[in-house]
Amino acid sequence: MIGILIVSHSEDAARGIAQIAVGMSGAADDVPITGVGGNDEGGLGVSVAKIYDALTEMLPACDGVLIVPDLGSSILSSRGAIELLSPKDASKVVIADAPVLEGSMLAAVEASSGADLEAVAEGAREAKNLKKSDH
Amino acid sequence: MAFTLEMARGALEKLNAVIEEKKDYLTDLDSAIGDADHGINMNRGMKRVMEKIRDKEYSDFGGLFRDVAMTIMSAVGGSAGPLYGTFFMKMGQKLAGKREVAEDEFADAMQEGLSGIMALGKSQLGDKTMVDALQPAIDALREPAPDASAAWAAALKAAEKGMEDTIPMLSKRGRSSYLGERSIGHQDPGATSVAYLIASLREAALEG
């Protein structure tokens, strides 16, 4: 099973997006979906340590983890956290190139079907093509 | 001519003080082209670094820089966190087991740290980032010099020139890159804090 880790500048946003991803994807209860965010004083920002801690908690129970970051520092901090992992663990983590909410949701759909890490990442990437309007 | 563990500790203390003093200036620079958090973030990060290392004994650069790296990565909160974190982490790995090195060996470790920054940020020289102040400073530190004082003076001069050279550059990395042409004419906040880092290292090296 592939786990999904949502990384946002806001802890509330990360948790909320995780909640939406679980609720709207119909993801099976066994798909681990976690959201982390905010700096370590609770303000807006990103903490490498929070991402690292979430990864080390999720990895023993998963075949891999897809990180779905929001913007900028979330991406850099996710890369930084992966660097701190052992090479074996690091090889089981991928950062999604996808919008954070839609990507998390589609990744959850893929993961709940038992897809591998590459397929879950591809599912998230497809979220770029979701059309909301003609404008 | 040697750079010692105590000098490194002194440099971190000086960096904390200069960031405290310049945090509003850094934030002003960052509000022109970034998300206005570089001063606040670096200030929070360096304060936490000092709390972590102040009363702790270290036997080598490796232990000191690892603590600095881990603290910065958790406490800074913006892109500077993983970038400065990687810099100190790679420097610490390169200098593990040592508590005194020649300036050129210290420059080699800084180069290792810079490579980490460039890999993480996928950044090159000329992208209007920290790299533009750090690379010239390292190159200058490596040049043959009559003494440590001259070597560090050259490094600081190069860092400050590199920092000023970011003003006409078009940003290619980070939030400022979303501004495109509008990023031109502003000094990069990351290159500015790098110049403070080099100034702090120089001051600590001169005090001995």
# chains A, B, ... in the order shown; residues from 1 in each chain; ligands from 1
call {"tool": "interface_residues", "arguments": {"of": "chain B", "to": "chain A", "cutoff": "10 Å", "atoms": "only C-alpha atoms", "output": "ChimeraX atom specification"}}
result
/B:37,41,44,70-83,85-86,89,116-117,119-122,173-175
call {"tool": "residues_around", "arguments": {"residues": "Ala13 (chain A)", "least_positions_apart": "6", "cutoff": "9 Å", "atoms": "only C-alpha atoms", "output": "tab-separated table (two decimals) with N, CA and C atoms, in the first residue's frame"}}
result
chain	number	residue	atom	x	y	z
A	7	VAL	N	1.84	18.11	2.30
A	7	VAL	CA	2.68	19.11	2.97
A	7	VAL	C	2.22	20.51	2.57
A	35	GLY	N	-1.47	14.72	6.85
A	35	GLY	CA	-1.13	16.08	6.45
A	35	GLY	C	-0.25	16.73	7.50
A	36	VAL	N	0.85	17.36	7.06
A	36	VAL	CA	1.67	18.15	8.00
A	36	VAL	C	1.87	19.54	7.42
A	37	GLY	N	2.02	20.52	8.30
A	37	GLY	CA	2.26	21.87	7.82
A	37	GLY	C	2.52	22.85	8.95
call {"tool": "residues_around", "arguments": {"residues": "Val94 (chain A)", "least_positions_apart": "5", "cutoff": "7 Å", "atoms": "only C-alpha atoms", "output": "list in words"}}
result
Val65, Leu66 and Ile67 of chain A
call {"tool": "residues_around", "arguments": {"residues": "Gly23 (chain A)", "least_positions_apart": "6", "cutoff": "10 Å", "atoms": "only C-alpha atoms", "output": "PyMOL selection string"}}
result
chain A and resi 17+105+108
call {"tool": "write_last_selection", "arguments": {"atoms": "C-alpha atoms", "output": "PDB file, in the first residue's frame"}}
result
ATOM      1  CA  ILE A  17      -6.868  18.531   2.475  1.00  0.00           C
ATOM      2  CA  MET A 105      -7.497  13.256  -3.989  1.00  0.00           C
ATOM      3  CA  ALA A 108      -5.838   8.566  -2.818  1.00  0.00           C
TER       4      ALA A 108
END
call {"tool": "residues_around", "arguments": {"residues": "Met1 (chain A)", "least_positions_apart": "3", "cutoff": "6 Å", "atoms": "only C-alpha atoms", "output": "list in words"}}
result
Cys62, Asp63 and Gly114 of chain A
call {"tool": "select_by_dssp", "arguments": {"residues": "chain A", "states": "strand (DSSP E or B)", "output": "list of chain:residue names"}}
result
A:Ile2, A:Gly3, A:Ile4, A:Leu5, A:Ile6, A:Val7, A:Ser8, A:Ile33, A:Thr34, A:Gly35, A:Val36, A:Gly37, A:Gly64, A:Val65, A:Leu66, A:Ile67, A:Val68, A:Pro69, A:Val93, A:Val94, A:Ile95
call {"tool": "atom_distance", "arguments": {"atom1": "CA of Gly190 (chain B)", "atom2": "CA of Leu15 (chain B)"}}
result
13.8 Å
call {"tool": "closest_residue", "arguments": {"among": "A:Leu55, A:Ala111, A:Leu101, A:Leu106", "to": "Ser86 (chain A)", "atoms": "only C-alpha atoms"}}
result
A:Leu55
call {"tool": "closest_residue", "arguments": {"among": "A:Leu85, A:Met58, A:Val68, A:Ile6", "to": "Ala124 (chain A)", "atoms": "only C-alpha atoms"}}
result
A:Val68
call {"tool": "residues_around", "arguments": {"residues": "Ala36 (chain B)", "least_positions_apart": "3", "cutoff": "6 Å", "atoms": "only C-alpha atoms", "output": "list of chain:residue names"}}
result
B:Thr27, B:Asp30, B:Ser31
